[in-house]
Every structure is written in structure tokens, then in C-alpha cells.
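Trainee: my_file_12.cif is reproduced in full below (mmCIF, C-alpha atoms).
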```cif
data_model
loop_
_atom_site.group_PDB
_atom_site.id
_atom_site.type_symbol
_atom_site.label_atom_id
_atom_site.label_comp_id
_atom_site.auth_asym_id
_atom_site.auth_seq_id
_atom_site.Cartn_x
_atom_site.Cartn_y
_atom_site.Cartn_z
ATOM 1 C CA MET A 3 92.495 94.138 108.079
ATOM 2 C CA MET A 4 92.746 90.820 109.952
ATOM 3 C CA LYS A 5 94.931 92.251 112.732
ATOM 4 C CA LYS A 6 92.641 95.266 113.095
ATOM 5 C CA LEU A 7 89.592 92.993 113.467
ATOM 6 C CA PHE A 8 91.254 90.844 116.149
ATOM 7 C CA LYS A 9 92.543 93.943 117.954
ATOM 8 C CA THR A 10 89.068 95.491 118.024
ATOM 9 C CA PHE A 11 87.546 92.211 119.208
ATOM 10 C CA ASN A 12 90.028 92.122 122.102
ATOM 11 C CA GLU A 13 89.496 95.803 122.977
ATOM 12 C CA LEU A 14 85.746 95.312 123.192
ATOM 13 C CA ASN A 15 86.181 92.142 125.228
ATOM 14 C CA GLU A 16 88.402 93.958 127.723
ATOM 15 C CA LYS A 17 85.503 96.304 128.512
ATOM 16 C CA ILE A 18 83.320 93.388 129.604
ATOM 17 C CA THR A 19 83.558 92.566 133.316
ATOM 18 C CA ASP A 20 80.746 90.111 134.099
ATOM 19 C CA ASN A 21 80.991 87.951 130.992
ATOM 20 C CA GLU A 22 83.171 87.404 127.910
ATOM 21 C CA ILE A 23 82.436 87.884 124.218
ATOM 22 C CA ASP A 24 82.610 84.550 122.422
ATOM 23 C CA GLU A 25 81.780 85.732 118.920
ATOM 24 C CA ILE A 26 80.859 88.850 116.992
ATOM 25 C CA SER A 27 78.630 88.326 113.973
ATOM 26 C CA ILE A 28 78.504 91.071 111.348
ATOM 27 C CA LYS A 29 75.704 91.319 108.831
ATOM 28 C CA GLN A 30 74.916 94.326 106.691
ATOM 29 C CA PRO A 31 72.346 95.981 108.939
ATOM 30 C CA GLN A 32 73.470 94.555 112.291
ATOM 31 C CA ILE A 33 76.192 93.377 114.642
ATOM 32 C CA GLN A 34 75.557 90.632 117.194
ATOM 33 C CA PHE A 35 77.636 89.799 120.263
ATOM 34 C CA THR A 36 77.371 86.247 121.585
ATOM 35 C CA PHE A 37 78.642 85.786 125.124
ATOM 36 C CA LEU A 38 80.375 82.751 126.652
ATOM 37 C CA ASN A 39 78.334 82.667 129.829
ATOM 38 C CA GLY A 40 74.749 82.046 128.805
ATOM 39 C CA LYS A 41 73.496 82.773 132.304
ATOM 40 C CA ILE A 42 74.193 86.493 132.759
ATOM 41 C CA LEU A 43 74.647 89.688 130.830
ATOM 42 C CA SER A 44 74.764 92.659 133.132
ATOM 43 C CA ILE A 45 73.573 96.132 132.235
ATOM 44 C CA LYS A 46 77.124 97.271 133.050
ATOM 45 C CA ASP A 47 78.475 95.131 130.180
ATOM 46 C CA ILE A 48 75.805 96.354 127.767
ATOM 47 C CA LEU A 49 76.614 99.953 128.658
ATOM 48 C CA ALA A 50 80.355 99.274 128.291
ATOM 49 C CA ILE A 51 79.855 98.174 124.691
ATOM 50 C CA GLU A 52 77.448 101.035 123.952
ATOM 51 C CA ALA A 53 79.919 103.551 125.399
ATOM 52 C CA HIS A 54 82.504 102.385 122.880
ATOM 53 C CA VAL A 55 80.108 103.179 120.065
ATOM 54 C CA ASN A 56 78.475 106.449 120.948
ATOM 55 C CA TYR A 57 76.103 106.703 117.985
ATOM 56 C CA THR A 58 73.928 103.638 118.533
ATOM 57 C CA ILE A 59 72.376 101.570 121.294
ATOM 58 C CA ALA A 60 71.649 97.878 121.605
ATOM 59 C CA THR A 61 68.252 96.981 120.222
ATOM 60 C CA ASP A 62 67.634 93.602 121.864
ATOM 61 C CA VAL A 63 68.985 90.800 124.014
ATOM 62 C CA THR A 64 67.987 87.225 123.205
ATOM 63 C CA THR A 65 69.016 83.722 124.240
ATOM 64 C CA TYR A 66 69.716 80.681 122.105
ATOM 65 C CA ASP A 67 71.271 77.318 123.078
ATOM 66 C CA ASP A 68 72.749 78.545 126.387
ATOM 67 C CA SER A 69 74.065 81.703 124.746
ATOM 68 C CA ILE A 70 73.129 85.318 125.300
ATOM 69 C CA ILE A 71 73.073 87.474 122.181
ATOM 70 C CA LEU A 72 73.236 91.275 122.268
ATOM 71 C CA THR A 73 72.200 92.833 118.948
ATOM 72 C CA PHE A 74 72.661 96.250 117.390
ATOM 73 C CA ARG A 75 70.160 96.420 114.514
ATOM 74 C CA ASP A 76 69.498 98.979 111.815
ATOM 75 C CA LEU A 77 73.041 100.288 111.885
ATOM 76 C CA GLU A 78 73.721 103.314 109.780
ATOM 77 C CA ASN A 79 76.457 102.175 107.437
ATOM 78 C CA SER A 80 76.919 105.722 106.268
ATOM 79 C CA GLN A 81 80.446 106.965 105.808
ATOM 80 C CA GLU A 82 79.752 109.600 108.465
ATOM 81 C CA ASN A 83 79.325 106.966 111.193
ATOM 82 C CA ILE A 84 82.062 104.694 109.906
ATOM 83 C CA ASP A 85 84.562 107.552 109.967
ATOM 84 C CA LYS A 86 83.912 108.646 113.559
ATOM 85 C CA PRO A 87 87.310 108.274 115.271
ATOM 86 C CA ASP A 88 85.874 106.700 118.438
ATOM 87 C CA ASN A 89 83.671 104.193 116.594
ATOM 88 C CA LYS A 90 84.887 100.758 117.717
ATOM 89 C CA PHE A 91 82.513 99.117 115.236
ATOM 90 C CA LYS A 92 84.423 100.842 112.425
ATOM 91 C CA PRO A 93 86.538 97.800 111.360
ATOM 92 C CA PHE A 94 83.441 95.583 111.392
ATOM 93 C CA LEU A 95 81.420 98.024 109.302
ATOM 94 C CA GLN A 96 84.329 98.493 106.900
ATOM 95 C CA LEU A 97 84.615 94.712 106.537
ATOM 96 C CA ILE A 98 80.938 94.092 105.772
ATOM 97 C CA ASN A 99 80.774 97.053 103.383
ATOM 98 C CA ALA A 100 83.863 95.833 101.509
ATOM 99 C CA LEU A 101 82.433 92.293 101.335
ATOM 100 C CA ALA A 102 79.112 93.649 100.042
ATOM 101 C CA GLU A 103 80.940 95.610 97.368
ATOM 102 C CA LYS A 104 83.042 92.671 96.172
ATOM 103 C CA VAL A 105 80.809 89.638 96.822
ATOM 104 C CA CYS A 106 77.130 90.557 97.118
ATOM 105 C CA THR A 107 74.634 92.715 98.950
ATOM 106 C CA CYS A 108 72.494 89.696 99.773
ATOM 107 C CA PRO A 109 70.892 89.534 103.246
ATOM 108 C CA SER A 110 72.773 86.325 104.079
ATOM 109 C CA LEU A 111 76.165 88.058 103.807
ATOM 110 C CA GLU A 112 77.815 87.345 107.171
ATOM 111 C CA ALA A 113 81.230 87.267 108.794
ATOM 112 C CA THR A 114 81.962 86.168 112.356
ATOM 113 C CA ILE A 115 84.960 86.970 114.510
ATOM 114 C CA THR A 116 86.269 85.243 117.619
ATOM 115 C CA LYS A 117 89.535 85.742 119.434
ATOM 116 C CA ASN A 118 91.174 83.030 117.272
ATOM 117 C CA TYR A 119 89.501 83.018 113.870
ATOM 118 C CA ILE A 120 87.324 84.802 111.317
ATOM 119 C CA LYS A 121 84.684 83.021 109.251
ATOM 120 C CA PHE A 122 83.113 84.348 106.077
ATOM 121 C CA TYR A 123 79.994 82.340 105.237
ATOM 122 C CA ILE A 124 79.424 81.409 101.612
ATOM 123 C CA ASP A 125 75.640 81.364 101.446
ATOM 124 C CA LYS A 126 75.384 82.870 97.989
ATOM 125 C CA PRO A 127 74.554 80.338 95.287
ATOM 126 C CA ASN A 128 76.772 80.416 92.214
ATOM 127 C CA ILE A 129 79.548 82.431 93.807
ATOM 128 C CA GLN A 130 82.537 83.070 91.553
ATOM 129 C CA LEU A 131 86.003 81.961 92.642
ATOM 130 C CA ASP A 132 87.219 85.481 91.918
ATOM 131 C CA ALA A 133 84.861 86.752 94.634
ATOM 132 C CA LEU A 134 86.415 84.351 97.160
ATOM 133 C CA GLN A 135 89.874 85.609 96.226
ATOM 134 C CA GLU A 136 88.613 89.162 96.774
ATOM 135 C CA VAL A 137 87.614 88.170 100.309
ATOM 136 C CA ASP A 138 91.216 87.044 100.931
ATOM 137 C CA LYS A 139 92.417 90.442 99.710
ATOM 138 C CA ILE A 140 89.959 92.290 101.965
ATOM 139 C CA ILE A 141 90.914 90.269 105.052
ATOM 140 C CA GLY A 142 94.603 90.380 104.113
ATOM 141 C CA ALA A 143 95.276 86.663 104.597
ATOM 142 C CA LYS A 144 94.885 83.302 102.870
ATOM 143 C CA SER A 145 91.758 81.380 103.757
ATOM 144 C CA GLN A 146 90.887 77.745 104.153
ATOM 145 C CA LEU A 147 87.723 76.687 102.362
ATOM 146 C CA GLU A 148 85.520 74.647 104.718
ATOM 147 C CA LEU A 149 82.727 72.738 103.011
ATOM 148 C CA THR A 150 81.568 70.529 105.884
ATOM 149 C CA GLY A 151 78.570 71.361 108.001
ATOM 150 C CA PRO A 152 75.380 73.152 107.086
ATOM 151 C CA ARG A 153 77.038 76.386 105.885
ATOM 152 C CA PRO A 154 80.267 76.472 103.868
ATOM 153 C CA TYR A 155 82.708 79.223 104.830
ATOM 154 C CA LEU A 156 86.166 80.688 104.393
ATOM 155 C CA LEU A 157 88.238 80.334 107.556
ATOM 156 C CA TYR A 158 91.019 82.710 108.608
ATOM 157 C CA VAL A 159 92.967 81.476 111.625
ATOM 158 C CA LYS A 160 94.928 83.863 113.824
ATOM 159 C CA ASP A 161 98.509 82.657 113.439
ATOM 160 C CA TYR A 162 100.308 85.216 115.588
ATOM 161 C CA GLU A 163 100.511 86.276 119.224
ATOM 162 C CA ASP A 164 99.373 89.710 120.379
#
```
Show me the file's structure as C-alpha cells.
Mentor:
Amino acid sequence: MMKKLFKTFNELNEKITDNEIDEISIKQPQIQFTFLNGKILSIKDILAIEAHVNYTIATDVTTYDDSIILTFRDLENSQENIDKPDNKFKPFLQLINALAEKVCTCPSLEATITKNYIKFYIDKPNIQLDALQEVDKIIGAKSQLELTGPRPYLLYVKDYED
């Protein structure tokens, strides 16, 4: 799954012309795109992302610490939408659904993807080590456990060239 996630990240980023996607955050009901240039997000770039996912539209654009965040909320995680062949969010929705099934359905369940790494945040208290090993199986790679900072996470570093 790791290669599919990075490939999809790159495909979506190639559609952006006036900015660049820095990070994609996936939570159960939403996907957020954070952009590198916190000064501009053109309607052309918003429409480019929406065109890749023809069943939903962006719900809001916000700013935070010199970042622009484009959010798709209230996503239908139904199998019908996940299985649409042209759904570029498909790998992200599959990931969060698999994590919910194996780890928890808690609202803090979150994974983020950049062009070089994937983070799975461990915000659930009393998480079992077996659940962390399940995350490795879902991603298809060995993780590094990072316990520094305000939120512990599993880190998966891209160790190959496209």
C-alpha cells in the first residue's frame, strides 16, 4: 500500500499548477490538503483536485501558520465511492478504513502523507503492540516508532526512487 499512497500523492500534486501539496492528512470523515505556499491557492488548483474525485467537492479553505488547508469533509466512506475506478482518494480511504478496522474508530485516528514519508499518529491511549504491528502490515513496510514531540507516531520513510 505504501507505494500506492506515494504514487497517488504525486499524481494529485502533478495536477496543481499554482502551488504544491505539502501534506495530505486523512481522518475518518475527511481529507485535508496542506499546501507549501501559504500565500495562494487558486480556484484552478481546487478544481483540479475536485476533478480527480468526481463525487465530492471541497468544503472549506482555511489558513494556519502560513499554510493553506483545503478540506473535504463528510466523505462517504461507502464501498460504492471507494470502488469508483476514477476515485483518486481511493488509496487514502482504503488506508483509513483499514486502520479503523484494525486499530480503532476513534475520532483522533489520523495518517499523514508527504512526498517522502507517511506518519500514523498514535493518539489512542492503551494501544496494544499488536495493533501497531497491524499498521505495518496495512502499510506494507516496517515503521519507526517516534515518541518525541506532542504526538507519538509511526513513521514510514520512502526508501526508493520513483
Trainee: Where does the PyMOL selection byres ((chain A and resi 38) around 12) land in this file, that is, which residues does it pick, as number ranges by chain?
Mentor: A: 15, 18, 20-26, 35-37, 39-43, 65-72, 116
Trainee: Store the residues picked out above, limited to C-alpha atoms, as a PDB file, in the coordinates of the input.
Mentor:
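For reference, again04.pdb as written:
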```
ATOM      1  CA  ASN A  15      86.181  92.142 125.228  1.00  0.00           C
ATOM      2  CA  ILE A  18      83.320  93.388 129.604  1.00  0.00           C
ATOM      3  CA  ASP A  20      80.746  90.111 134.099  1.00  0.00           C
ATOM      4  CA  ASN A  21      80.991  87.951 130.992  1.00  0.00           C
ATOM      5  CA  GLU A  22      83.171  87.404 127.910  1.00  0.00           C
ATOM      6  CA  ILE A  23      82.436  87.884 124.218  1.00  0.00           C
ATOM      7  CA  ASP A  24      82.610  84.550 122.422  1.00  0.00           C
ATOM      8  CA  GLU A  25      81.780  85.732 118.920  1.00  0.00           C
ATOM      9  CA  ILE A  26      80.859  88.850 116.992  1.00  0.00           C
ATOM     10  CA  PHE A  35      77.636  89.799 120.263  1.00  0.00           C
ATOM     11  CA  THR A  36      77.371  86.247 121.585  1.00  0.00           C
ATOM     12  CA  PHE A  37      78.642  85.786 125.124  1.00  0.00           C
ATOM     13  CA  ASN A  39      78.334  82.667 129.829  1.00  0.00           C
ATOM     14  CA  GLY A  40      74.749  82.046 128.805  1.00  0.00           C
ATOM     15  CA  LYS A  41      73.496  82.773 132.304  1.00  0.00           C
ATOM     16  CA  ILE A  42      74.193  86.493 132.759  1.00  0.00           C
ATOM     17  CA  LEU A  43      74.647  89.688 130.830  1.00  0.00           C
ATOM     18  CA  THR A  65      69.016  83.722 124.240  1.00  0.00           C
ATOM     19  CA  TYR A  66      69.716  80.681 122.105  1.00  0.00           C
ATOM     20  CA  ASP A  67      71.271  77.318 123.078  1.00  0.00           C
ATOM     21  CA  ASP A  68      72.749  78.545 126.387  1.00  0.00           C
ATOM     22  CA  SER A  69      74.065  81.703 124.746  1.00  0.00           C
ATOM     23  CA  ILE A  70      73.129  85.318 125.300  1.00  0.00           C
ATOM     24  CA  ILE A  71      73.073  87.474 122.181  1.00  0.00           C
ATOM     25  CA  LEU A  72      73.236  91.275 122.268  1.00  0.00           C
ATOM     26  CA  THR A 116      86.269  85.243 117.619  1.00  0.00           C
TER      27      THR A 116
END
```
Trainee: Give me, as a ChimeraX atom specification, all polymer residues having an atom no more than 12 Å from Ala143 in chain A, counting all atoms listed in the file and skipping those fewer than 6 positions away in the same chain.
Mentor: /A:3-5,119-120,134-137,156-161
Trainee: I would like the residues chosen by the PyMOL selection byres ((chain A and resi 14) around 9) on the shown file; could you give them as a compact mmCIF listing (two decimals) with C-alpha atoms, keeping the file's coordinate frame?
Mentor:
```
# COMPACT_ATOMS: atom_id res chain seq x y z
CA LYS A 9 92.54 93.94 117.95
CA THR A 10 89.07 95.49 118.02
CA PHE A 11 87.55 92.21 119.21
CA ASN A 12 90.03 92.12 122.10
CA GLU A 13 89.50 95.80 122.98
CA ASN A 15 86.18 92.14 125.23
CA GLU A 16 88.40 93.96 127.72
CA LYS A 17 85.50 96.30 128.51
CA ILE A 18 83.32 93.39 129.60
CA ILE A 23 82.44 87.88 124.22
CA ALA A 50 80.36 99.27 128.29
CA ILE A 51 79.86 98.17 124.69
CA HIS A 54 82.50 102.38 122.88
CA LYS A 90 84.89 100.76 117.72
```
Trainee: Please report the interatomic distance between CA of Gln34 in chain A and CA of Leu7 in chain A in Å with one decimal.
Mentor: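 Spanning CA of Gln34 in chain A to CA of Leu7 in chain A is a straight-line distance of 14.7 Å.
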Trainee: Running the PyMOL selection byres ((chain A and resi 76) around 10) on this model by hand, what would come out? Give it as a list in words.
Mentor: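 Answer for the PyMOL selection byres ((chain A and resi 76) around 10): Gln30, Pro31, Gln32, Ile33, Thr58, Thr61, Thr73, Phe74, Arg75, Leu77, Glu78 and Asn79 of chain A.
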